[in-house]
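I have placed the structure first, in the form of structure tokens, so that the comments after it can refer back to it.
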Amino acid sequence: MGAEFLPKPSENDLSGDYQAAPVILGLLPAALVDHIARVDLSILSRIPGEPGGSFPVAAEELKDLLKEVNTHISSSPNDLSPVKTIAGGSVTNTIRGLAAGFGISCGVIGACGDDEQGALFLKNMSFYGVNISRLRVKDEHTGQCVCLVDPLGNRTMRPCIATAAKIQAGELKREDFKGSKWLVVRYSIYNIEVINAAIQIAKQEGLLISLDLASFEMVRKFRTPLLELLESGNIDLCFANEDEAAELLSGEQVVGPEAAVDVLGKYCQWAVVTLGPHGCIARHKKEVVKVPAIGQTKTIDATGAGDLFAGGFLYGLVKGMSLEECCIIGSCSGGSVIRSLGGEVSPENWQWMYKQFKTKGLPAPIVSL
């Protein structure tokens with residue numbers, strides 16, 4: 001039950017026009033590239049913010065951080081380069097994974113800069129068949145993010161998007177969304193205007209909305225506007241990890257992943273809390289399932305684990321699978337990305353995922369690798 005291989009678009013085709021009306025769209029208010037590096041633990045005590053989270057830094061902080069990284073890189077015999085640079089960000093990881101590993105027609109809406117980093121972003125996404133025709137290229141800088149991976153495989157992320165090329169709410173067009181089925185969004189107070197505008201247009205066009213809670217820091221500092229977004233009734237599917245779920249329930253009498261899916265289930269059709277090596281718990285209406293992690297694998301880098309889980313879960317929904325099957329596919333997908341550095345899954349690790357599908361009696365997607 002291996003994957004069926006199909007020809008992929010040319011690597012040199014950056015237009016993204018080979019796919020009309022992608023099934024799943026990702027909102028990228030400010031596209032960014034990830035600089036991923038293995039580092040020792042000592043650097044984490046000297047950078048702004050808490051280890052393990054994701055919180056924005058200023059341009060000067062980013063420069064200082066990149067210099068600091070060069071003196072704390074931990075080499076690995078499996079790495080061709082101590083720092084890996086790819087198209088990054090949570091939504092990017094989800095969309096790229098859906099296109100590359102699951103064969104789902106995907107596109108992105110947003111903006112990137114007309115610079116070296118922007119060109120890298122466009123080429124990386126186009127290579128995997130992602131439709132980039134809705135991505136505005138502006139005469140500005142592309143956002144960047146430093147992803148620090150400690151010896152245990154945990155990641156700490158520091159994005160710099162304050163001066164990055166961004167799409168504005170008024171630039172969004174109904175034509176961008178017409179014909180698609182899902183819009184994937186990452187919560188960020190810094191992009192809340194364009195997020196709300198995109199959700200409003202998407203709803204007018206009949207799309208379902210998937211929301212990722214971003215980071216425990218973002219939920220902690222901006223919990224009230226997040227609750228307002230959930231209470232709007234426009235979010236159909238919500239993903240949170242354990243730390244984000246804990247912050248969401250801060251001050252509540254009942255806490256824990258089970259309580260979190262119950263709370264999220266009041267606002268969303270589907271609610272999922274990922275539990276790292278312990279799998280996930282999910283709710284759809286009155287149905288609740290808990291699924292263990294699939295496949296034994298050592299965590300090299302947790303970057304993108306939740307993003308790829310979301311991609312697998314969305315694939316299951318698109319294919320009309322049960323809640324439990326969606327969780328199993330999500331768990332397999334999340335497990336595929338932690339086997340190497342960065343949020344980009346290698347062909348070998350996609351094959352690992354397909355083997356996990358086979359052990360669970362699930363069909364492999366039709367893809368091109």
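Simple scheme: letters A, B, ... for chains in structure tokens order, numbers from 1 for residues in each chain, numbers from 1 for ligands in the order shown.
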
Please tabulate, as a tab-separated table, the residues of segment 138-215 of chain A that come within 9 Å of segment 341-355 of chain A, each with its closest pair of atoms and the distance in Å to one decimal, counting only C-alpha atoms and ordering rows by chain, then residue number upward.
residue	atom	partner	partner_atom	distance
A:Cys147	CA	A:Gly342	CA	8.4
A:Val149	CA	A:Leu341	CA	8.4
A:Gly153	CA	A:Leu341	CA	8.9

Selected residues written out with N, CA, C and O atoms, as a PDB file, in the first residue's frame:
ATOM      1  N   CYS A 147      15.030  29.571  14.572  1.00  0.00           N
ATOM      2  CA  CYS A 147      14.485  28.393  15.256  1.00  0.00           C
ATOM      3  C   CYS A 147      15.642  27.662  15.936  1.00  0.00           C
ATOM      4  O   CYS A 147      16.504  27.090  15.258  1.00  0.00           O
ATOM      5  N   VAL A 149      17.057  24.714  18.181  1.00  0.00           N
ATOM      6  CA  VAL A 149      16.722  23.342  18.558  1.00  0.00           C
ATOM      7  C   VAL A 149      17.726  22.857  19.594  1.00  0.00           C
ATOM      8  O   VAL A 149      18.925  22.789  19.320  1.00  0.00           O
ATOM      9  N   GLY A 153      15.700  18.112  21.319  1.00  0.00           N
ATOM     10  CA  GLY A 153      14.821  18.238  20.165  1.00  0.00           C
ATOM     11  C   GLY A 153      13.734  19.273  20.328  1.00  0.00           C
ATOM     12  O   GLY A 153      12.913  19.461  19.429  1.00  0.00           O
TER      13      GLY A 153
END

Residue list (strand (DSSP E or B), DSSP) for segment 1-208 of chain A, as a PyMOL selection string: chain A and resi 4-5+24-28+32-39+54+73+83-88+106-113+131-138+141+143-149+155-160+164+182-186+208

Got a sec: who's within 9 Å of segment 63-70 of chain A, counting only C-alpha atoms, leaving out chain neighbours fewer than 4 positions off, as a PyMOL selection string? chain A and resi 35+37-39+43+47+58-59+82-83+146+148+158

So that I can check the secondary structure, give me every residue of segment 37-173 of chain A assigned helix (DSSP H, G or I) by backbone DSSP, as a ChimeraX atom specification. /A:41-46,59-70,90-102,116-127,169-171

Which neighbours of Lys358 of chain A fall inside 12 Å, counting only C-alpha atoms, when residues of the same chain fewer than 2 positions from it are skipped, and could you give them as a ChimeraX atom specification? /A:1-3,294-295,328-329,332,351-356,360-365

Pick out the closest residue to Ala119 of chain A from this set: A:Ala31, A:Val91, A:Ile366, A:Ile235. Count only C-alpha atoms. A:Ala31

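Reported to one decimal place, the separation of atom CA of Glu247 of chain A from atom CA of Gly265 of chain A is 16.4 Å.
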
Pick out the closest residue to Tyr267 of chain A from this set: A:Leu44, A:Gln144, A:Ala302, A:Leu211. Count only C-alpha atoms. A:Leu211

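For the atom pair formed by atom CA of Ala240 of chain A and atom CA of Gly89 of chain A, the distance is 15.8 Å, given to one decimal.
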
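Compared by their closest atoms to Arg134 of chain A, and using only C-alpha atoms, the residues A:Arg186, A:Lys173, A:Lys203, A:Arg96 rank with A:Lys173 nearest.
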
Need to verify the contact set: segment 308-311 of chain A, 9 Å, only C-alpha atoms, exclusion of same-chain residues closer than 3 positions in sequence. Can you return it as a compact mmCIF listing (two decimals) with all heavy atoms, in the first residue's frame?
# COMPACT_ATOMS: atom_id res chain seq x y z
N SER A 90 4.27 28.44 10.74
CA SER A 90 3.32 27.37 11.03
C SER A 90 2.41 27.03 9.85
O SER A 90 2.29 25.87 9.45
CB SER A 90 2.46 27.77 12.25
OG SER A 90 1.46 26.82 12.50
N ASN A 93 4.31 25.41 6.99
CA ASN A 93 4.60 24.00 7.24
C ASN A 93 3.38 23.12 6.97
O ASN A 93 3.50 22.04 6.37
CB ASN A 93 5.05 23.81 8.69
CG ASN A 93 6.39 24.44 8.98
OD1 ASN A 93 7.20 24.67 8.08
ND2 ASN A 93 6.64 24.74 10.24
N THR A 94 2.21 23.57 7.41
CA THR A 94 0.98 22.80 7.19
C THR A 94 0.66 22.68 5.72
O THR A 94 0.39 21.57 5.21
CB THR A 94 -0.19 23.46 7.93
OG1 THR A 94 0.07 23.47 9.34
CG2 THR A 94 -1.49 22.71 7.68
N ILE A 95 0.69 23.80 5.01
CA ILE A 95 0.32 23.81 3.59
C ILE A 95 1.33 23.02 2.76
O ILE A 95 0.95 22.22 1.88
CB ILE A 95 0.22 25.27 3.08
CG1 ILE A 95 -0.97 25.98 3.74
CG2 ILE A 95 0.11 25.31 1.57
CD1 ILE A 95 -2.32 25.38 3.42
N ARG A 96 2.61 23.22 3.01
CA ARG A 96 3.64 22.49 2.26
C ARG A 96 3.50 20.99 2.50
O ARG A 96 3.62 20.18 1.57
CB ARG A 96 5.03 22.98 2.67
CG ARG A 96 6.19 22.26 1.96
CD ARG A 96 7.52 22.88 2.33
NE ARG A 96 7.67 22.95 3.78
CZ ARG A 96 8.36 23.91 4.41
NH1 ARG A 96 8.97 24.85 3.72
NH2 ARG A 96 8.45 23.91 5.73
N GLY A 97 3.24 20.60 3.74
CA GLY A 97 3.07 19.19 4.06
C GLY A 97 1.87 18.58 3.36
O GLY A 97 1.93 17.45 2.84
N LEU A 98 0.76 19.30 3.33
CA LEU A 98 -0.44 18.80 2.65
C LEU A 98 -0.19 18.59 1.16
O LEU A 98 -0.66 17.61 0.58
CB LEU A 98 -1.59 19.79 2.85
CG LEU A 98 -2.40 19.65 4.14
CD1 LEU A 98 -3.19 20.92 4.43
CD2 LEU A 98 -3.33 18.45 4.05
N PHE A 102 0.65 14.64 1.01
CA PHE A 102 -0.73 14.14 0.92
C PHE A 102 -1.37 14.39 -0.44
O PHE A 102 -2.49 13.93 -0.70
CB PHE A 102 -1.58 14.79 2.02
CG PHE A 102 -1.22 14.33 3.40
CD1 PHE A 102 -0.34 15.07 4.18
CD2 PHE A 102 -1.73 13.15 3.92
CE1 PHE A 102 0.00 14.66 5.45
CE2 PHE A 102 -1.39 12.72 5.20
CZ PHE A 102 -0.52 13.47 5.97
N SER A 210 -9.75 26.85 9.86
CA SER A 210 -8.91 26.11 10.82
C SER A 210 -7.98 27.10 11.50
O SER A 210 -7.27 27.85 10.83
CB SER A 210 -8.09 25.04 10.09
OG SER A 210 -7.14 24.45 10.96
N ASP A 212 -4.92 27.71 14.42
CA ASP A 212 -3.88 27.20 15.31
C ASP A 212 -3.58 28.28 16.35
O ASP A 212 -3.47 29.46 16.01
CB ASP A 212 -2.61 26.87 14.52
CG ASP A 212 -1.49 26.34 15.41
OD1 ASP A 212 -1.46 25.13 15.66
OD2 ASP A 212 -0.67 27.16 15.86
N PHE A 239 -6.75 23.96 16.78
CA PHE A 239 -5.65 23.13 17.27
C PHE A 239 -4.91 23.86 18.39
O PHE A 239 -4.62 25.05 18.28
CB PHE A 239 -4.64 22.84 16.16
CG PHE A 239 -5.16 21.98 15.04
CD1 PHE A 239 -5.56 22.55 13.84
CD2 PHE A 239 -5.23 20.60 15.19
CE1 PHE A 239 -6.04 21.77 12.81
CE2 PHE A 239 -5.70 19.80 14.16
CZ PHE A 239 -6.11 20.38 12.97
N THR A 274 -3.04 18.54 21.07
CA THR A 274 -1.96 17.58 20.87
C THR A 274 -1.18 17.42 22.18
O THR A 274 -1.00 18.38 22.93
CB THR A 274 -1.02 18.03 19.74
OG1 THR A 274 -0.56 19.36 20.01
CG2 THR A 274 -1.75 18.02 18.41
N GLY A 304 7.59 22.08 13.76
CA GLY A 304 6.61 21.67 12.76
C GLY A 304 5.77 20.47 13.14
O GLY A 304 4.89 20.08 12.36
N ALA A 305 5.99 19.89 14.31
CA ALA A 305 5.23 18.69 14.69
C ALA A 305 3.73 18.98 14.73
O ALA A 305 2.92 18.24 14.16
CB ALA A 305 5.71 18.16 16.04
N LEU A 314 -6.37 17.63 8.73
CA LEU A 314 -7.16 18.26 7.67
C LEU A 314 -7.33 17.34 6.46
O LEU A 314 -8.40 17.29 5.85
CB LEU A 314 -6.49 19.58 7.25
CG LEU A 314 -6.77 20.78 8.14
CD1 LEU A 314 -5.76 21.89 7.87
CD2 LEU A 314 -8.19 21.29 7.92
N TYR A 315 -6.28 16.62 6.13
CA TYR A 315 -6.37 15.65 5.03
C TYR A 315 -7.48 14.65 5.32
O TYR A 315 -8.30 14.33 4.45
CB TYR A 315 -5.03 14.92 4.86
CG TYR A 315 -5.10 13.73 3.93
CD1 TYR A 315 -5.08 13.89 2.55
CD2 TYR A 315 -5.20 12.43 4.44
CE1 TYR A 315 -5.16 12.80 1.69
CE2 TYR A 315 -5.27 11.33 3.59
CZ TYR A 315 -5.26 11.52 2.22
OH TYR A 315 -5.34 10.43 1.38
N GLY A 316 -7.52 14.15 6.57
CA GLY A 316 -8.56 13.20 6.94
C GLY A 316 -9.95 13.79 6.80
O GLY A 316 -10.87 13.13 6.29
N CYS A 327 -7.21 11.71 13.61
CA CYS A 327 -6.19 11.81 14.66
C CYS A 327 -5.00 10.89 14.36
O CYS A 327 -3.84 11.28 14.58
CB CYS A 327 -6.78 11.46 16.02
SG CYS A 327 -7.94 12.69 16.66
N ILE A 329 -3.96 9.84 11.39
CA ILE A 329 -3.20 10.40 10.28
C ILE A 329 -2.40 11.62 10.75
O ILE A 329 -1.24 11.80 10.38
CB ILE A 329 -4.14 10.77 9.12
CG1 ILE A 329 -4.75 9.50 8.52
CG2 ILE A 329 -3.41 11.56 8.05
CD1 ILE A 329 -5.82 9.75 7.50
N GLY A 330 -3.02 12.45 11.58
CA GLY A 330 -2.31 13.60 12.12
C GLY A 330 -1.10 13.17 12.93
O GLY A 330 -0.02 13.76 12.82
N SER A 331 -1.26 12.14 13.75
CA SER A 331 -0.16 11.65 14.57
C SER A 331 0.98 11.10 13.71
O SER A 331 2.16 11.35 13.97
CB SER A 331 -0.67 10.56 15.52
OG SER A 331 0.35 10.12 16.39
N CYS A 332 0.63 10.37 12.66
CA CYS A 332 1.65 9.85 11.74
C CYS A 332 2.38 10.99 11.04
O CYS A 332 3.61 10.98 10.88
CB CYS A 332 1.02 8.94 10.69
SG CYS A 332 0.36 7.39 11.32
N SER A 333 1.63 12.00 10.61
CA SER A 333 2.21 13.14 9.91
C SER A 333 3.13 13.93 10.84
O SER A 333 4.25 14.30 10.46
CB SER A 333 1.09 14.04 9.37
OG SER A 333 1.61 15.14 8.67
N GLY A 334 2.66 14.20 12.06
CA GLY A 334 3.50 14.90 13.03
C GLY A 334 4.77 14.13 13.35
O GLY A 334 5.84 14.70 13.52
N GLY A 335 4.65 12.80 13.41
CA GLY A 335 5.82 11.96 13.68
C GLY A 335 6.84 11.98 12.56
O GLY A 335 8.04 11.79 12.79
N SER A 336 6.38 12.25 11.33
CA SER A 336 7.31 12.23 10.19
C SER A 336 8.29 13.40 10.22
O SER A 336 9.44 13.26 9.80
CB SER A 336 6.52 12.25 8.87
OG SER A 336 5.89 13.51 8.68
N VAL A 337 7.84 14.55 10.73
CA VAL A 337 8.68 15.75 10.65
C VAL A 337 9.70 15.84 11.78
O VAL A 337 10.74 16.49 11.63
CB VAL A 337 7.80 17.03 10.62
CG1 VAL A 337 7.23 17.33 11.99
CG2 VAL A 337 8.58 18.23 10.09
N GLY A 343 10.99 22.09 9.57
CA GLY A 343 9.59 21.75 9.33
C GLY A 343 9.30 21.22 7.95
O GLY A 343 8.14 21.17 7.53

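Close contacts of Ala162 of chain A, defined as residues with an atom at most 10 Å away when counting only C-alpha atoms, with chain neighbours fewer than 4 positions off set aside, comprise Ala30, Pro56, Val57, Ala58, Ala59, Gly143, Lys166 and Tyr190 of chain A.
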
Which neighbours of Asn191 of chain A fall inside 12 Å, counting only C-alpha atoms, when residues of the same chain fewer than 6 positions from it are skipped, and could you give them as a PyMOL selection string? chain A and resi 27-31+110+161-162+164+166-169+185+197-198+225

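The closest residue to Leu120 of chain A, picked from A:Ile281, A:Leu25, A:Val184, A:Ala87 and counting only C-alpha atoms, is A:Ala87.
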